[in-house]
$ cat data-v7.pdb   # PDB, C-alpha atoms, pLDDT in the B column
ATOM      1  CA  MET A1478      74.234 102.927 106.569  1.00 40.00           C
ATOM      2  CA  PRO A1479      70.743 104.329 107.339  1.00 50.00           C
ATOM      3  CA  LEU A1480      69.081 106.270 104.527  1.00 66.00           C
ATOM      4  CA  SER A1481      66.674 109.198 104.626  1.00 78.00           C
ATOM      5  CA  ALA A1482      64.804 107.831 101.585  1.00 91.00           C
ATOM      6  CA  VAL A1483      65.245 104.220 100.493  1.00 96.00           C
ATOM      7  CA  PRO A1484      65.258 103.682  96.698  1.00 97.00           C
ATOM      8  CA  VAL A1485      63.024 100.865  95.481  1.00 98.00           C
ATOM      9  CA  LEU A1486      63.438  99.722  91.889  1.00 98.00           C
ATOM     10  CA  ILE A1487      60.037  98.479  90.710  1.00 98.00           C
ATOM     11  CA  THR A1488      60.296  96.361  87.564  1.00 97.00           C
ATOM     12  CA  ARG A1489      56.712  95.019  87.480  1.00 95.00           C
ATOM     13  CA  PRO A1490      54.580  95.657  84.383  1.00 94.00           C
ATOM     14  CA  GLN A1491      52.054  98.472  84.468  1.00 93.00           C
ATOM     15  CA  PRO A1492      49.600  99.014  86.067  1.00 92.00           C
ATOM     16  CA  GLN A1493      51.041  96.852  88.880  1.00 93.00           C
ATOM     17  CA  ALA A1494      54.251  98.906  89.012  1.00 96.00           C
ATOM     18  CA  GLY A1495      52.482 102.204  89.597  1.00 96.00           C
ATOM     19  CA  ARG A1496      50.153 100.695  92.179  1.00 95.00           C
ATOM     20  CA  LEU A1497      53.030  99.193  94.172  1.00 96.00           C
ATOM     21  CA  GLY A1498      54.848 102.523  94.163  1.00 96.00           C
ATOM     22  CA  GLN A1499      51.723 104.252  95.473  1.00 96.00           C
ATOM     23  CA  GLN A1500      51.252 101.634  98.193  1.00 96.00           C
ATOM     24  CA  LEU A1501      54.811 101.978  99.442  1.00 96.00           C
ATOM     25  CA  THR A1502      54.583 105.779  99.440  1.00 96.00           C
ATOM     26  CA  ALA A1503      51.259 105.631 101.298  1.00 96.00           C
ATOM     27  CA  ALA A1504      52.851 103.405 103.949  1.00 95.00           C
ATOM     28  CA  LEU A1505      56.183 105.220 104.390  1.00 94.00           C
ATOM     29  CA  GLY A1506      55.791 108.642 102.797  1.00 93.00           C
ATOM     30  CA  GLY A1507      59.073 110.365 101.988  1.00 92.00           C
ATOM     31  CA  ALA A1508      61.071 107.530 103.540  1.00 94.00           C
ATOM     32  CA  VAL A1509      60.798 105.589 100.270  1.00 96.00           C
ATOM     33  CA  ARG A1510      61.767 106.615  96.728  1.00 96.00           C
ATOM     34  CA  PRO A1511      60.104 104.401  94.122  1.00 97.00           C
ATOM     35  CA  VAL A1512      61.836 104.228  90.741  1.00 97.00           C
ATOM     36  CA  LEU A1513      59.570 102.609  88.150  1.00 97.00           C
ATOM     37  CA  SER A1514      61.171 100.706  85.292  1.00 97.00           C
ATOM     38  CA  PRO A1515      58.901  97.905  84.024  1.00 97.00           C
ATOM     39  CA  LEU A1516      60.920  95.096  82.452  1.00 97.00           C
ATOM     40  CA  MET A1517      57.823  93.716  80.740  1.00 96.00           C
ATOM     41  CA  ALA A1518      54.977  95.327  78.797  1.00 95.00           C
ATOM     42  CA  ARG A1519      51.719  93.447  78.364  1.00 93.00           C
ATOM     43  CA  GLU A1520      50.324  92.620  74.930  1.00 96.00           C
ATOM     44  CA  PHE A1521      46.787  91.257  74.641  1.00 96.00           C
ATOM     45  CA  LEU A1522      46.184  88.413  72.177  1.00 95.00           C
ATOM     46  CA  ALA A1523      43.067  87.145  70.434  1.00 91.00           C
ATOM     47  CA  PRO A1524      43.573  83.407  69.893  1.00 92.00           C
ATOM     48  CA  PRO A1525      40.881  80.890  68.986  1.00 91.00           C
ATOM     49  CA  LEU A1526      39.577  79.419  72.231  1.00 93.00           C
ATOM     50  CA  PRO A1527      39.027  75.714  72.940  1.00 92.00           C
ATOM     51  CA  PRO A1528      35.455  74.696  72.064  1.00 90.00           C
ATOM     52  CA  GLY A1529      32.964  74.836  74.923  1.00 82.00           C
ATOM     53  CA  PRO A1530      30.769  74.953  76.742  1.00 90.00           C
ATOM     54  CA  HIS A1531      32.902  75.355  79.864  1.00 93.00           C
ATOM     55  CA  GLU A1532      31.686  75.150  83.434  1.00 92.00           C
ATOM     56  CA  ALA A1533      33.776  78.163  84.533  1.00 94.00           C
ATOM     57  CA  LEU A1534      36.844  80.264  83.832  1.00 95.00           C
ATOM     58  CA  LEU A1535      40.173  79.999  85.664  1.00 94.00           C
ATOM     59  CA  LEU A1536      42.225  83.178  86.073  1.00 95.00           C
ATOM     60  CA  THR A1537      45.397  83.723  88.082  1.00 92.00           C
ATOM     61  CA  SER A1538      46.209  87.382  87.342  1.00 92.00           C
ATOM     62  CA  GLU A1539      44.559  90.725  86.818  1.00 93.00           C
ATOM     63  CA  THR A1540      46.097  90.870  83.336  1.00 95.00           C
ATOM     64  CA  GLY A1541      44.346  87.576  82.580  1.00 95.00           C
ATOM     65  CA  ALA A1542      41.101  89.099  83.828  1.00 97.00           C
ATOM     66  CA  GLU A1543      41.602  92.149  81.607  1.00 96.00           C
ATOM     67  CA  ALA A1544      42.314  89.843  78.661  1.00 97.00           C
ATOM     68  CA  ALA A1545      39.135  87.872  79.354  1.00 97.00           C
ATOM     69  CA  GLY A1546      37.137  91.089  79.373  1.00 97.00           C
ATOM     70  CA  ARG A1547      38.605  92.150  76.046  1.00 96.00           C
ATOM     71  CA  LEU A1548      37.838  88.765  74.503  1.00 96.00           C
ATOM     72  CA  ARG A1549      34.238  88.955  75.673  1.00 95.00           C
ATOM     73  CA  ALA A1550      33.879  92.500  74.330  1.00 95.00           C
ATOM     74  CA  ALA A1551      35.191  91.235  70.979  1.00 94.00           C
ATOM     75  CA  GLY A1552      32.414  88.643  70.815  1.00 93.00           C
ATOM     76  CA  GLN A1553      34.075  85.554  72.308  1.00 93.00           C
ATOM     77  CA  SER A1554      31.695  83.365  74.313  1.00 92.00           C
ATOM     78  CA  LEU A1555      32.968  82.929  77.878  1.00 95.00           C
ATOM     79  CA  PRO A1556      31.243  81.610  81.009  1.00 95.00           C
ATOM     80  CA  ASP A1557      30.242  84.129  83.674  1.00 95.00           C
ATOM     81  CA  THR A1558      31.391  81.923  86.541  1.00 94.00           C
ATOM     82  CA  LEU A1559      34.999  82.310  87.595  1.00 94.00           C
ATOM     83  CA  HIS A1560      37.526  80.627  89.909  1.00 95.00           C
ATOM     84  CA  CYS A1561      40.538  82.854  90.474  1.00 94.00           C
ATOM     85  CA  VAL A1562      43.749  83.568  92.340  1.00 92.00           C
ATOM     86  CA  GLY A1563      43.959  86.954  94.053  1.00 90.00           C
ATOM     87  CA  THR A1564      41.495  89.607  95.131  1.00 92.00           C
ATOM     88  CA  ARG A1565      42.809  91.997  92.476  1.00 92.00           C
ATOM     89  CA  THR A1566      42.056  89.417  89.791  1.00 95.00           C
ATOM     90  CA  ALA A1567      38.521  89.133  91.150  1.00 96.00           C
ATOM     91  CA  GLU A1568      38.053  92.928  91.204  1.00 96.00           C
ATOM     92  CA  VAL A1569      39.106  93.335  87.572  1.00 96.00           C
ATOM     93  CA  ALA A1570      36.986  90.353  86.517  1.00 97.00           C
ATOM     94  CA  ARG A1571      33.883  91.801  88.205  1.00 97.00           C
ATOM     95  CA  ARG A1572      34.337  95.044  86.253  1.00 96.00           C
ATOM     96  CA  HIS A1573      34.059  92.969  83.079  1.00 96.00           C
ATOM     97  CA  GLY A1574      30.884  91.199  84.193  1.00 95.00           C
ATOM     98  CA  PHE A1575      32.317  87.934  85.520  1.00 97.00           C
ATOM     99  CA  ASP A1576      31.196  86.319  88.773  1.00 96.00           C
ATOM    100  CA  PRO A1577      34.124  85.122  90.954  1.00 95.00           C
ATOM    101  CA  ILE A1578      32.719  82.328  93.103  1.00 94.00           C
ATOM    102  CA  THR A1579      36.117  81.078  94.309  1.00 93.00           C
ATOM    103  CA  ILE A1580      38.959  83.433  95.311  1.00 93.00           C
ATOM    104  CA  CYS A1581      42.173  81.930  96.687  1.00 92.00           C
ATOM    105  CA  ASP A1582      45.580  83.359  97.583  1.00 88.00           C
ATOM    106  CA  THR A1583      47.603  80.859  95.535  1.00 87.00           C
ATOM    107  CA  ALA A1584      47.120  78.419  92.658  1.00 87.00           C
ATOM    108  CA  LYS A1585      47.822  75.561  95.059  1.00 87.00           C
ATOM    109  CA  ASP A1586      44.981  76.736  97.316  1.00 90.00           C
ATOM    110  CA  LEU A1587      42.672  77.033  94.306  1.00 90.00           C
ATOM    111  CA  ILE A1588      43.324  73.448  93.221  1.00 88.00           C
ATOM    112  CA  ALA A1589      42.645  72.229  96.755  1.00 89.00           C
ATOM    113  CA  GLN A1590      39.390  74.198  96.900  1.00 90.00           C
ATOM    114  CA  LEU A1591      38.179  72.857  93.554  1.00 88.00           C
ATOM    115  CA  ARG A1592      38.872  69.322  94.706  1.00 85.00           C
ATOM    116  CA  LYS A1593      36.827  69.976  97.859  1.00 85.00           C
ATOM    117  CA  THR A1594      33.866  71.242  95.843  1.00 81.00           C
ATOM    118  CA  ALA A1595      34.121  68.169  93.579  1.00 68.00           C
ATOM    119  CA  SER A1596      34.236  70.227  90.402  1.00 70.00           C
ATOM    120  CA  SER A1597      34.523  68.006  87.345  1.00 70.00           C
ATOM    121  CA  GLY A1598      34.848  70.762  84.738  1.00 71.00           C
ATOM    122  CA  PRO A1599      35.468  71.360  81.992  1.00 91.00           C
ATOM    123  CA  LEU A1600      37.211  74.574  83.056  1.00 93.00           C
ATOM    124  CA  LEU A1601      38.874  77.135  80.779  1.00 95.00           C
ATOM    125  CA  TYR A1602      42.204  78.524  81.998  1.00 94.00           C
ATOM    126  CA  LEU A1603      43.213  81.839  80.405  1.00 95.00           C
ATOM    127  CA  HIS A1604      46.847  82.774  81.023  1.00 94.00           C
ATOM    128  CA  GLY A1605      49.973  84.467  79.714  1.00 93.00           C
ATOM    129  CA  SER A1606      52.627  83.050  77.410  1.00 91.00           C
ATOM    130  CA  ASP A1607      55.090  82.670  80.292  1.00 86.00           C
ATOM    131  CA  VAL A1608      53.815  80.816  83.360  1.00 78.00           C
ATOM    132  CA  SER A1609      55.782  79.144  86.146  1.00 71.00           C
ATOM    133  CA  ALA A1610      53.254  76.277  86.340  1.00 70.00           C
ATOM    134  CA  ARG A1611      50.387  75.094  84.126  1.00 79.00           C
ATOM    135  CA  LEU A1612      47.280  75.171  86.275  1.00 84.00           C
ATOM    136  CA  ASP A1613      45.228  73.206  83.744  1.00 83.00           C
ATOM    137  CA  LEU A1614      47.692  70.293  83.800  1.00 85.00           C
ATOM    138  CA  ALA A1615      47.729  70.276  87.609  1.00 85.00           C
ATOM    139  CA  LEU A1616      43.938  70.151  87.611  1.00 86.00           C
ATOM    140  CA  GLU A1617      43.900  67.272  85.135  1.00 84.00           C
ATOM    141  CA  GLU A1618      46.173  65.359  87.504  1.00 84.00           C
ATOM    142  CA  ALA A1619      43.629  66.057  90.264  1.00 82.00           C
ATOM    143  CA  GLY A1620      40.840  64.592  88.129  1.00 85.00           C
ATOM    144  CA  ILE A1621      39.333  67.922  87.041  1.00 87.00           C
ATOM    145  CA  ARG A1622      38.930  68.471  83.290  1.00 90.00           C
ATOM    146  CA  ALA A1623      40.521  71.700  82.071  1.00 90.00           C
ATOM    147  CA  THR A1624      41.702  73.323  78.860  1.00 92.00           C
ATOM    148  CA  SER A1625      43.724  76.481  78.359  1.00 92.00           C
ATOM    149  CA  ALA A1626      44.542  79.354  76.026  1.00 94.00           C
ATOM    150  CA  VAL A1627      47.334  81.943  75.946  1.00 96.00           C
ATOM    151  CA  VAL A1628      45.580  85.319  75.896  1.00 96.00           C
ATOM    152  CA  TYR A1629      48.405  87.760  76.633  1.00 96.00           C
ATOM    153  CA  ALA A1630      52.170  88.077  76.480  1.00 95.00           C
ATOM    154  CA  GLN A1631      54.644  90.105  78.521  1.00 94.00           C
ATOM    155  CA  ARG A1632      57.234  91.573  76.150  1.00 95.00           C
ATOM    156  CA  PRO A1633      60.703  92.348  77.590  1.00 96.00           C
ATOM    157  CA  GLN A1634      61.602  96.027  78.059  1.00 95.00           C
ATOM    158  CA  PRO A1635      64.993  97.667  78.771  1.00 95.00           C
ATOM    159  CA  LEU A1636      65.781  99.458  81.989  1.00 95.00           C
ATOM    160  CA  SER A1637      64.923 103.147  82.008  1.00 95.00           C
ATOM    161  CA  GLU A1638      67.655 105.780  82.226  1.00 95.00           C
ATOM    162  CA  ALA A1639      66.560 106.560  85.791  1.00 96.00           C
ATOM    163  CA  ALA A1640      66.912 102.886  86.731  1.00 96.00           C
ATOM    164  CA  ARG A1641      70.347 102.594  85.126  1.00 95.00           C
ATOM    165  CA  HIS A1642      71.512 105.702  86.970  1.00 94.00           C
ATOM    166  CA  LEU A1643      70.205 104.270  90.237  1.00 95.00           C
ATOM    167  CA  LEU A1644      72.051 100.984  89.702  1.00 95.00           C
ATOM    168  CA  ASP A1645      75.242 102.854  88.785  1.00 94.00           C
ATOM    169  CA  THR A1646      75.123 104.760  92.093  1.00 93.00           C
ATOM    170  CA  PRO A1647      76.693 103.209  95.229  1.00 94.00           C
ATOM    171  CA  GLY A1648      74.221 102.325  97.972  1.00 94.00           C
ATOM    172  CA  PRO A1649      71.403  99.865  98.700  1.00 96.00           C
ATOM    173  CA  VAL A1650      68.502  99.441  96.271  1.00 97.00           C
ATOM    174  CA  VAL A1651      65.476  97.326  97.219  1.00 98.00           C
ATOM    175  CA  VAL A1652      64.183  95.321  94.235  1.00 98.00           C
ATOM    176  CA  PRO A1653      60.845  93.441  94.526  1.00 98.00           C
ATOM    177  CA  LEU A1654      60.659  90.393  92.243  1.00 97.00           C
ATOM    178  CA  TYR A1655      57.334  88.649  91.606  1.00 94.00           C
ATOM    179  CA  SER A1656      58.286  85.879  89.148  1.00 92.00           C
ATOM    180  CA  PRO A1657      61.291  83.826  88.044  1.00 93.00           C
ATOM    181  CA  ARG A1658      61.096  85.522  84.658  1.00 93.00           C
ATOM    182  CA  SER A1659      61.284  89.013  86.163  1.00 94.00           C
ATOM    183  CA  ALA A1660      64.319  87.893  88.166  1.00 96.00           C
ATOM    184  CA  ARG A1661      66.048  86.613  85.021  1.00 95.00           C
ATOM    185  CA  LEU A1662      65.208  89.796  83.109  1.00 95.00           C
ATOM    186  CA  LEU A1663      66.657  91.908  85.907  1.00 95.00           C
ATOM    187  CA  VAL A1664      69.904  89.939  85.921  1.00 95.00           C
ATOM    188  CA  ASP A1665      70.174  90.233  82.133  1.00 94.00           C
ATOM    189  CA  ALA A1666      69.489  93.990  82.261  1.00 93.00           C
ATOM    190  CA  LEU A1667      71.958  94.876  85.015  1.00 91.00           C
ATOM    191  CA  PRO A1668      74.732  97.253  83.937  1.00 86.00           C
ATOM    192  CA  GLU A1669      78.061  95.456  83.663  1.00 82.00           C
ATOM    193  CA  ARG A1670      79.624  97.564  86.402  1.00 80.00           C
ATOM    194  CA  ALA A1671      76.598  98.264  88.574  1.00 86.00           C
ATOM    195  CA  ARG A1672      77.760  99.766  91.858  1.00 92.00           C
ATOM    196  CA  ALA A1673      74.473  99.587  93.779  1.00 95.00           C
ATOM    197  CA  GLU A1674      73.928  96.945  96.464  1.00 95.00           C
ATOM    198  CA  ILE A1675      70.874  95.093  95.172  1.00 96.00           C
ATOM    199  CA  LEU A1676      68.554  93.841  97.929  1.00 97.00           C
ATOM    200  CA  PRO A1677      65.946  91.574  96.314  1.00 97.00           C
ATOM    201  CA  CYS A1678      62.553  90.788  97.820  1.00 97.00           C
ATOM    202  CA  ALA A1679      61.372  87.532  96.255  1.00 97.00           C
ATOM    203  CA  ILE A1680      57.784  86.344  96.343  1.00 95.00           C
ATOM    204  CA  SER A1681      58.834  82.665  96.384  1.00 93.00           C
ATOM    205  CA  GLU A1682      61.748  80.253  96.516  1.00 94.00           C
ATOM    206  CA  ALA A1683      61.333  79.727  92.769  1.00 92.00           C
ATOM    207  CA  VAL A1684      62.077  83.422  92.219  1.00 95.00           C
ATOM    208  CA  LEU A1685      65.034  83.219  94.577  1.00 95.00           C
ATOM    209  CA  SER A1686      66.528  80.312  92.648  1.00 94.00           C
ATOM    210  CA  ALA A1687      66.510  82.393  89.434  1.00 94.00           C
ATOM    211  CA  LEU A1688      69.061  84.795  90.932  1.00 95.00           C
ATOM    212  CA  PRO A1689      72.838  84.318  90.933  1.00 94.00           C
ATOM    213  CA  GLU A1690      74.400  83.590  94.299  1.00 94.00           C
ATOM    214  CA  THR A1691      76.039  87.024  94.451  1.00 92.00           C
ATOM    215  CA  ILE A1692      72.570  88.583  94.586  1.00 94.00           C
ATOM    216  CA  ARG A1693      70.625  85.676  96.121  1.00 94.00           C
ATOM    217  CA  CYS A1694      72.651  85.829  99.325  1.00 94.00           C
ATOM    218  CA  ARG A1695      71.150  89.256 100.119  1.00 94.00           C
ATOM    219  CA  ALA A1696      67.548  88.351  99.278  1.00 96.00           C
ATOM    220  CA  VAL A1697      64.488  88.214 101.520  1.00 96.00           C
ATOM    221  CA  VAL A1698      61.651  85.825 100.659  1.00 97.00           C
ATOM    222  CA  ALA A1699      58.002  86.641 101.467  1.00 96.00           C
ATOM    223  CA  ASP A1700      56.336  84.490 104.121  1.00 95.00           C
ATOM    224  CA  ARG A1701      53.698  83.417 101.574  1.00 91.00           C
ATOM    225  CA  PRO A1702      53.587  83.636  97.767  1.00 89.00           C
ATOM    226  CA  ASP A1703      50.927  86.357  97.640  1.00 87.00           C
ATOM    227  CA  GLY A1704      50.729  90.110  97.257  1.00 88.00           C
ATOM    228  CA  ALA A1705      50.009  90.958 100.903  1.00 90.00           C
ATOM    229  CA  ALA A1706      52.966  88.961 102.231  1.00 93.00           C
ATOM    230  CA  MET A1707      55.184  90.408  99.524  1.00 96.00           C
ATOM    231  CA  LYS A1708      54.264  93.964 100.481  1.00 96.00           C
ATOM    232  CA  GLN A1709      55.097  93.242 104.130  1.00 96.00           C
ATOM    233  CA  ALA A1710      58.476  91.773 103.143  1.00 97.00           C
ATOM    234  CA  ILE A1711      59.302  94.878 101.091  1.00 97.00           C
ATOM    235  CA  LEU A1712      58.323  97.176 103.964  1.00 96.00           C
ATOM    236  CA  ARG A1713      60.483  95.188 106.389  1.00 95.00           C
ATOM    237  CA  VAL A1714      63.545  95.560 104.186  1.00 96.00           C
ATOM    238  CA  ILE A1715      62.927  99.268 103.662  1.00 96.00           C
ATOM    239  CA  SER A1716      62.412  99.835 107.397  1.00 93.00           C
ATOM    240  CA  SER A1717      65.689  98.061 108.209  1.00 92.00           C
ATOM    241  CA  LEU A1718      67.532 100.673 106.154  1.00 93.00           C
ATOM    242  CA  LEU A1719      65.924 103.706 107.763  1.00 89.00           C
ATOM    243  CA  PRO A1720      67.396 105.688 110.690  1.00 82.00           C
TER
END

$ encode --input "data-v7.pdb" --output "structure tokens"
Amino acid sequence: MPLSAVPVLITRPQPQAGRLGQQLTAALGGAVRPVLSPLMAREFLAPPLPPGPHEALLLTSETGAEAAGRLRAAGQSLPDTLHCVGTRTAEVARRHGFDPITICDTAKDLIAQLRKTASSGPLLYLHGSDVSARLDLALEEAGIRATSAVVYAQRPQPLSEAARHLLDTPGPVVVPLYSPRSARLLVDALPERARAEILPCAISEAVLSALPETIRCRAVVADRPDGAAMKQAILRVISSLLP
């Protein structure tokens, strides 16, 4: 049934959750109703880093870039040069004084680019405590020396009251999912007798596989595993529900 305003349950951590809500509202105005309920909250860590010097940093998220900036401000010695995944990662890194010389859409693209430039490392990969793939290990397999450190964690959070009410109400709810972990957290957090029809938008097949078949069968997967393709997938699903 067509809706006048499509509810979108956004479970990303902040500030990504708020930004996605703003982007969807900017694109569709009152035709979309974002409901923000982050299922993870970021916590920055201050671990001892592998001894350097390192040729460059590796970052795959804006939270990693924020963590790198905090470590530098606390007196940790980090290289200025940066290879990263995502334009948002690069933007945050620049604000902290880093110089992104390689910006790719995916980790796979970044590995391919580093192989082309014949980088030998050593590179320092700063990442979260939960990652779907270890970039440093993939680089080692490609003949590029790399070490890593966990510099932030994403702590699980419960659904908000607004989100629980939305899921208890009959009707479609679009749910963007950006990682296998976020998909698992959503499934674990769902009310036992949720009456909403959950319509997931998954950024990758790996995210899709983390969902039970009862939800997976209604999912849409982005054309590419990046933010731009994910936004287009979300907009397509929302538009299909509008009059």

$ atom_distance --input "data-v7.pdb" --atom1 "atom CA of Leu1497 of chain A" --atom2 "atom CA of Ile1680 of chain A"
13.9 Å

$ resolve_selection --input "data-v7.pdb" --expression "the PyMOL selection byres ((chain A and resi 1675) around 6)" --output "MDAnalysis selection string"
chainID A and resid 1649:1650 1673:1674 1676

$ write_last_selection --input "data-v7.pdb" --atoms "C-alpha atoms" --output "compact mmCIF listing (two decimals), in the coordinates of the input"
# COMPACT_ATOMS: atom_id res chain seq x y z
CA PRO A 1649 71.40 99.86 98.70
CA VAL A 1650 68.50 99.44 96.27
CA ALA A 1673 74.47 99.59 93.78
CA GLU A 1674 73.93 96.94 96.46
CA LEU A 1676 68.55 93.84 97.93

$ closest_residue --input "data-v7.pdb" --among "A:Pro1530, A:Gly1598, A:Pro1720, A:Gly1563" --to "Asp1703 of chain A" --atoms "only C-alpha atoms"
A:Gly1563

$ atom_distance --input "data-v7.pdb" --atom1 "atom CA of Leu1654 of chain A" --atom2 "atom CA of Thr1579 of chain A"
26.3 Å

$ atom_distance --input "data-v7.pdb" --atom1 "atom CA of Gln1500 of chain A" --atom2 "atom CA of Ser1659 of chain A"
20.1 Å

$ closest_residue --input "data-v7.pdb" --among "A:Ala1705, A:Val1509, A:Val1697, A:Ala1710" --to "Thr1583 of chain A" --atoms "all atoms listed in the file"
A:Ala1705

$ closest_residue --input "data-v7.pdb" --among "A:Leu1513, A:Ile1580, A:Ala1589, A:Val1628" --to "Arg1496 of chain A" --atoms "only C-alpha atoms"
A:Leu1513

$ resolve_selection --input "data-v7.pdb" --expression "the PyMOL selection byres ((chain A and resi 1715) around 12)" --output "JSON, numbers by chain"
{"A": [1479, 1480, 1481, 1482, 1483, 1484, 1485, 1486, 1501, 1502, 1504, 1505, 1506, 1507, 1508, 1509, 1510, 1511, 1649, 1650, 1651, 1652, 1653, 1676, 1677, 1678, 1697, 1708, 1709, 1710, 1711, 1712, 1713, 1714, 1716, 1717, 1718, 1719, 1720]}

$ resolve_selection --input "data-v7.pdb" --expression "the PyMOL selection byres ((chain A and resi 1559) around 8)" --output "list in words"
Ala1533, Leu1534, Leu1535, Leu1536, Pro1556, Asp1557, Thr1558, His1560, Cys1561, Phe1575, Asp1576, Pro1577, Ile1578 and Thr1579 of chain A

$ residues_around --input "data-v7.pdb" --residues "Gly1552 of chain A" --least-positions-apart "3" --cutoff "12 Å" --atoms "all atoms listed in the file" --output "list in words"
Ala1523, Pro1525, Leu1526, Ala1545, Gly1546, Arg1547, Leu1548, Arg1549 and Leu1555 of chain A

$ closest_residue --input "data-v7.pdb" --among "A:Ile1692, A:Val1512, A:Met1517, A:Leu1591" --to "Arg1658 of chain A" --atoms "all atoms listed in the file"
A:Met1517

$ closest_residue --input "data-v7.pdb" --among "A:Ala1639, A:Ala1503, A:Leu1644, A:Ala1630" --to "Ala1544 of chain A" --atoms "all atoms listed in the file"
A:Ala1630

$ axis_aligned_box --input "data-v7.pdb" --around "segment 1553-1566 of chain A" --padding-each-side "6 Å" --output "lines of an AutoDock Vina configuration file"
center_x = 37.1
center_y = 86.3
center_z = 83.7
size_x = 25.7
size_y = 23.4
size_z = 34.8

$ closest_residue --input "data-v7.pdb" --among "A:Leu1522, A:Leu1643, A:Ala1494, A:Cys1581" --to "Pro1702 of chain A" --atoms "all atoms listed in the file"
A:Cys1581
